[in-house]
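**Student:** Below are the structure tokens for one structure; questions will follow.
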There are 2 protein chains.
Amino acid sequence: MKLTREQIQMRLSKLNMDWKLREGNKIEREFNFDNYQDTIEFVNKITGLAEDENHHPDIQFSYGKAKITLSTHEVEGLSEKDFTLASKIDTF
Amino acid sequence: MKLTREQIQMRLSKLNMDWKLREGNKIEREFNFDNYQDTIEFVNKITGLAEDENHHPDIQFSYGKAKITLSTHEVEGLSEKDFTLASKIDTF
């Protein structure tokens, strides 16, 4: 189910403050790493989690940087699934 | 060394035609996959190659899709390294 603006704001306030709401329909967080190996290990942890949760973020990465973008295609916006995944990512 | 527009066009013509020149200073290719596992395996092959070549593309992926963007930070444009990596990616 698609979350309302108020529901999104409430859930967003419980996440790491680096999560940003973009265009009202997705959330995004950027991460920095010292080297490529750490970057890849992080990306692999995210993909493992994505498989476990059957919810697949958009992941963009290069040397020392990764950006995770979450949204739910089926609702063309944000759902509970996105915030569940985001809060798990915050524990990494 | 930064490649000229002519050098870029010559090298681009030898790659898979799905490689596109963007803003004159980077090349990009999109790939599609049937499932998440195939997508991740592809991304892992790219990161392995990036480590071998010590040249790190920008990789963006989600379920069933990956986009590889190559450029050389040091020259603020395209170098031989980008085309070497692109031609290796074309063998996957």
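Convention: chains lettered A, B, ... in structure tokens order; per-chain residue numbering from 1; ligands numbered from 1 as shown.
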So that each row is one residue of chain B with an atom at most 12 Å from chain A, can you give its shortest atom pair and the distance in Å to one decimal, using only C-alpha atoms, rows by chain and rising number, as a tab-separated table?
**Tutor:**
residue	atom	partner	partner_atom	distance
B:Asn35	CA	A:Glu51	CA	10.9
B:Tyr36	CA	A:Glu51	CA	8.0
B:Gln37	CA	A:Glu51	CA	8.7
B:Asp38	CA	A:Thr47	CA	11.9
B:Thr39	CA	A:Thr47	CA	10.1
B:Ile40	CA	A:Thr47	CA	7.6
B:Glu41	CA	A:Asn44	CA	10.6
B:Val43	CA	A:Ile40	CA	9.8
B:Asn44	CA	A:Ile40	CA	8.6
B:Lys45	CA	A:Ile40	CA	11.6
B:Ile46	CA	A:Ile40	CA	10.9
B:Thr47	CA	A:Ile40	CA	7.6
B:Gly48	CA	A:Ile40	CA	9.7
B:Ala50	CA	A:Tyr36	CA	9.3
B:Glu51	CA	A:Tyr36	CA	8.0
B:Asp52	CA	A:Tyr36	CA	11.8
B:Asn54	CA	A:Tyr36	CA	9.7
B:His55	CA	A:Tyr63	CA	8.9
B:His56	CA	A:Tyr63	CA	6.0
B:Pro57	CA	A:Ser62	CA	6.0
B:Asp58	CA	A:Ser62	CA	4.6
B:Ile59	CA	A:Phe61	CA	5.4
B:Gln60	CA	A:Gln60	CA	4.1
B:Phe61	CA	A:Ile59	CA	5.4
B:Ser62	CA	A:Asp58	CA	4.6
B:Tyr63	CA	A:His56	CA	6.0
B:Gly64	CA	A:His56	CA	9.8
B:Lys65	CA	A:Asp58	CA	9.5
B:Ala66	CA	A:Ile59	CA	9.4
B:Lys67	CA	A:Gln60	CA	9.1
B:Ile68	CA	A:Gln60	CA	9.8
B:Thr69	CA	A:Ser62	CA	9.6
B:Leu70	CA	A:Ser62	CA	10.2
B:Ser71	CA	A:Ser62	CA	11.3
B:His73	CA	A:Tyr63	CA	11.1
**Student:** Would you output that residue set with N, CA and C atoms, as an mmCIF file, in the first residue's frame?
**Tutor:**
data_model
loop_
_atom_site.group_PDB
_atom_site.id
_atom_site.type_symbol
_atom_site.label_atom_id
_atom_site.label_comp_id
_atom_site.auth_asym_id
_atom_site.auth_seq_id
_atom_site.Cartn_x
_atom_site.Cartn_y
_atom_site.Cartn_z
ATOM 1 N N ASN B 35 16.602 -12.026 -14.223
ATOM 2 C CA ASN B 35 16.307 -12.063 -12.782
ATOM 3 C C ASN B 35 17.413 -11.362 -11.990
ATOM 4 N N TYR B 36 17.226 -11.310 -10.669
ATOM 5 C CA TYR B 36 18.164 -10.572 -9.822
ATOM 6 C C TYR B 36 19.508 -11.286 -9.730
ATOM 7 N N GLN B 37 19.450 -12.632 -9.644
ATOM 8 C CA GLN B 37 20.688 -13.401 -9.523
ATOM 9 C C GLN B 37 21.616 -13.143 -10.708
ATOM 10 N N ASP B 38 21.074 -13.146 -11.911
ATOM 11 C CA ASP B 38 21.893 -12.883 -13.104
ATOM 12 C C ASP B 38 22.446 -11.455 -13.086
ATOM 13 N N THR B 39 21.636 -10.531 -12.597
ATOM 14 C CA THR B 39 22.064 -9.127 -12.515
ATOM 15 C C THR B 39 23.276 -9.000 -11.583
ATOM 16 N N ILE B 40 23.156 -9.625 -10.404
ATOM 17 C CA ILE B 40 24.230 -9.562 -9.403
ATOM 18 C C ILE B 40 25.502 -10.245 -9.913
ATOM 19 N N GLU B 41 25.325 -11.375 -10.573
ATOM 20 C CA GLU B 41 26.503 -12.084 -11.106
ATOM 21 C C GLU B 41 27.236 -11.226 -12.127
ATOM 22 N N VAL B 43 27.204 -7.891 -12.238
ATOM 23 C CA VAL B 43 27.844 -6.787 -11.495
ATOM 24 C C VAL B 43 29.134 -7.287 -10.839
ATOM 25 N N ASN B 44 29.095 -8.492 -10.285
ATOM 26 C CA ASN B 44 30.298 -9.043 -9.655
ATOM 27 C C ASN B 44 31.425 -9.289 -10.655
ATOM 28 N N LYS B 45 31.050 -9.678 -11.867
ATOM 29 C CA LYS B 45 32.081 -9.852 -12.905
ATOM 30 C C LYS B 45 32.715 -8.505 -13.246
ATOM 31 N N ILE B 46 31.893 -7.486 -13.311
ATOM 32 C CA ILE B 46 32.395 -6.137 -13.626
ATOM 33 C C ILE B 46 33.332 -5.641 -12.515
ATOM 34 N N THR B 47 32.955 -5.834 -11.253
ATOM 35 C CA THR B 47 33.808 -5.345 -10.164
ATOM 36 C C THR B 47 35.126 -6.130 -10.111
ATOM 37 N N GLY B 48 35.081 -7.419 -10.432
ATOM 38 C CA GLY B 48 36.320 -8.209 -10.500
ATOM 39 C C GLY B 48 37.257 -7.665 -11.570
ATOM 40 N N ALA B 50 37.169 -4.633 -12.770
ATOM 41 C CA ALA B 50 37.588 -3.284 -12.337
ATOM 42 C C ALA B 50 38.810 -3.369 -11.422
ATOM 43 N N GLU B 51 38.805 -4.364 -10.548
ATOM 44 C CA GLU B 51 39.955 -4.539 -9.652
ATOM 45 C C GLU B 51 41.199 -4.980 -10.419
ATOM 46 N N ASP B 52 41.011 -5.921 -11.355
ATOM 47 C CA ASP B 52 42.137 -6.390 -12.162
ATOM 48 C C ASP B 52 42.765 -5.246 -12.947
ATOM 49 N N ASN B 54 42.393 -2.032 -12.312
ATOM 50 C CA ASN B 54 42.513 -0.832 -11.478
ATOM 51 C C ASN B 54 41.858 0.383 -12.148
ATOM 52 N N HIS B 55 40.656 0.138 -12.652
ATOM 53 C CA HIS B 55 39.864 1.204 -13.272
ATOM 54 C C HIS B 55 38.409 0.911 -12.940
ATOM 55 N N HIS B 56 37.734 1.881 -12.326
ATOM 56 C CA HIS B 56 36.472 1.592 -11.639
ATOM 57 C C HIS B 56 35.306 2.343 -12.268
ATOM 58 N N PRO B 57 34.472 1.619 -12.987
ATOM 59 C CA PRO B 57 33.317 2.262 -13.628
ATOM 60 C C PRO B 57 32.270 2.694 -12.609
ATOM 61 N N ASP B 58 31.383 3.526 -13.045
ATOM 62 C CA ASP B 58 30.171 3.801 -12.303
ATOM 63 C C ASP B 58 29.172 2.709 -12.700
ATOM 64 N N ILE B 59 28.613 2.034 -11.712
ATOM 65 C CA ILE B 59 27.679 0.933 -11.973
ATOM 66 C C ILE B 59 26.352 1.253 -11.294
ATOM 67 N N GLN B 60 25.287 1.215 -12.065
ATOM 68 C CA GLN B 60 23.949 1.430 -11.507
ATOM 69 C C GLN B 60 23.121 0.212 -11.848
ATOM 70 N N PHE B 61 22.504 -0.395 -10.848
ATOM 71 C CA PHE B 61 21.704 -1.578 -11.155
ATOM 72 C C PHE B 61 20.506 -1.708 -10.223
ATOM 73 N N SER B 62 19.516 -2.431 -10.727
ATOM 74 C CA SER B 62 18.347 -2.779 -9.921
ATOM 75 C C SER B 62 17.919 -4.172 -10.381
ATOM 76 N N TYR B 63 16.677 -4.554 -10.186
ATOM 77 C CA TYR B 63 16.229 -5.888 -10.605
ATOM 78 C C TYR B 63 16.224 -5.984 -12.132
ATOM 79 N N GLY B 64 17.116 -6.826 -12.692
ATOM 80 C CA GLY B 64 17.079 -7.093 -14.123
ATOM 81 C C GLY B 64 17.709 -6.052 -15.038
ATOM 82 N N LYS B 65 18.377 -5.068 -14.444
ATOM 83 C CA LYS B 65 18.985 -4.000 -15.247
ATOM 84 C C LYS B 65 20.328 -3.578 -14.671
ATOM 85 N N ALA B 66 21.282 -3.251 -15.533
ATOM 86 C CA ALA B 66 22.539 -2.657 -15.065
ATOM 87 C C ALA B 66 23.009 -1.644 -16.103
ATOM 88 N N LYS B 67 23.552 -0.535 -15.628
ATOM 89 C CA LYS B 67 24.112 0.463 -16.530
ATOM 90 C C LYS B 67 25.557 0.717 -16.108
ATOM 91 N N ILE B 68 26.456 0.572 -17.071
ATOM 92 C CA ILE B 68 27.885 0.788 -16.804
ATOM 93 C C ILE B 68 28.304 2.096 -17.465
ATOM 94 N N THR B 69 28.908 2.977 -16.699
ATOM 95 C CA THR B 69 29.394 4.247 -17.236
ATOM 96 C C THR B 69 30.896 4.342 -17.019
ATOM 97 N N LEU B 70 31.607 4.634 -18.096
ATOM 98 C CA LEU B 70 33.075 4.704 -18.027
ATOM 99 C C LEU B 70 33.579 6.092 -18.371
ATOM 100 N N SER B 71 34.516 6.571 -17.556
ATOM 101 C CA SER B 71 35.248 7.795 -17.876
ATOM 102 C C SER B 71 36.507 7.777 -17.014
ATOM 103 N N HIS B 73 38.621 9.956 -14.513
ATOM 104 C CA HIS B 73 38.623 11.134 -13.654
ATOM 105 C C HIS B 73 39.854 12.023 -13.883
#
**Student:** Quick one: residues within 8 Å of Leu85 (chain A), only C-alpha atoms, excluding same-chain residues fewer than 2 positions away - as an NGL selection string?
**Tutor:** :A and (49-50 or 53 or 55 or 81-83 or 87-89)
**Student:** If I take CA of Glu74 (chain A) and CA of Phe42 (chain B), how far is one from the other in Å, to one decimal?
**Tutor:** 25.4 Å
**Student:** Env of Trp19 (chain B): 8 Å cut, atoms = only C-alpha atoms, seq-sep filter 4 positions within chain, self excluded. Answer as a PyMOL selection string.
**Tutor:** chain B and resi 12+15+27-30
**Student:** Hey, what does DSSP flag as alpha helix (DSSP H) within chain B? Can you give it to me as a PyMOL selection string?
**Tutor:** chain B and resi 5-12+36-53+80-89
**Student:** Keeping only C-alpha atoms, write the selected residues as a compact mmCIF listing (two decimals), in the first residue's frame.
**Tutor:**
# COMPACT_ATOMS: atom_id res chain seq x y z
CA ARG B 5 36.78 13.37 -30.38
CA GLU B 6 38.17 11.54 -33.42
CA GLN B 7 40.02 8.99 -31.30
CA ILE B 8 36.85 8.39 -29.31
CA GLN B 9 34.71 7.85 -32.43
CA MET B 10 37.24 5.39 -33.86
CA ARG B 11 37.37 3.34 -30.65
CA LEU B 12 33.61 3.52 -30.14
CA TYR B 36 18.16 -10.57 -9.82
CA GLN B 37 20.69 -13.40 -9.52
CA ASP B 38 21.89 -12.88 -13.10
CA THR B 39 22.06 -9.13 -12.51
CA ILE B 40 24.23 -9.56 -9.40
CA GLU B 41 26.50 -12.08 -11.11
CA PHE B 42 27.08 -9.63 -13.93
CA VAL B 43 27.84 -6.79 -11.50
CA ASN B 44 30.30 -9.04 -9.65
CA LYS B 45 32.08 -9.85 -12.91
CA ILE B 46 32.40 -6.14 -13.63
CA THR B 47 33.81 -5.34 -10.16
CA GLY B 48 36.32 -8.21 -10.50
CA LEU B 49 37.44 -6.81 -13.83
CA ALA B 50 37.59 -3.28 -12.34
CA GLU B 51 39.96 -4.54 -9.65
CA ASP B 52 42.14 -6.39 -12.16
CA GLU B 53 42.38 -3.31 -14.38
CA GLU B 80 42.46 4.38 -23.47
CA LYS B 81 41.65 2.71 -20.12
CA ASP B 82 37.92 3.22 -20.69
CA PHE B 83 37.96 1.51 -24.05
CA THR B 84 40.13 -1.34 -22.81
CA LEU B 85 37.62 -1.98 -20.03
CA ALA B 86 34.62 -1.57 -22.38
CA SER B 87 36.00 -4.12 -24.84
CA LYS B 88 36.56 -6.61 -22.01
CA ILE B 89 33.02 -6.04 -20.76
**Student:** Could you go through chain B and tell me which residues DSSP, when run on the backbone, assigns to strand (DSSP E), listing them as a PyMOL selection string?
**Tutor:** chain B and resi 20-22+26-32+58-62+65-70
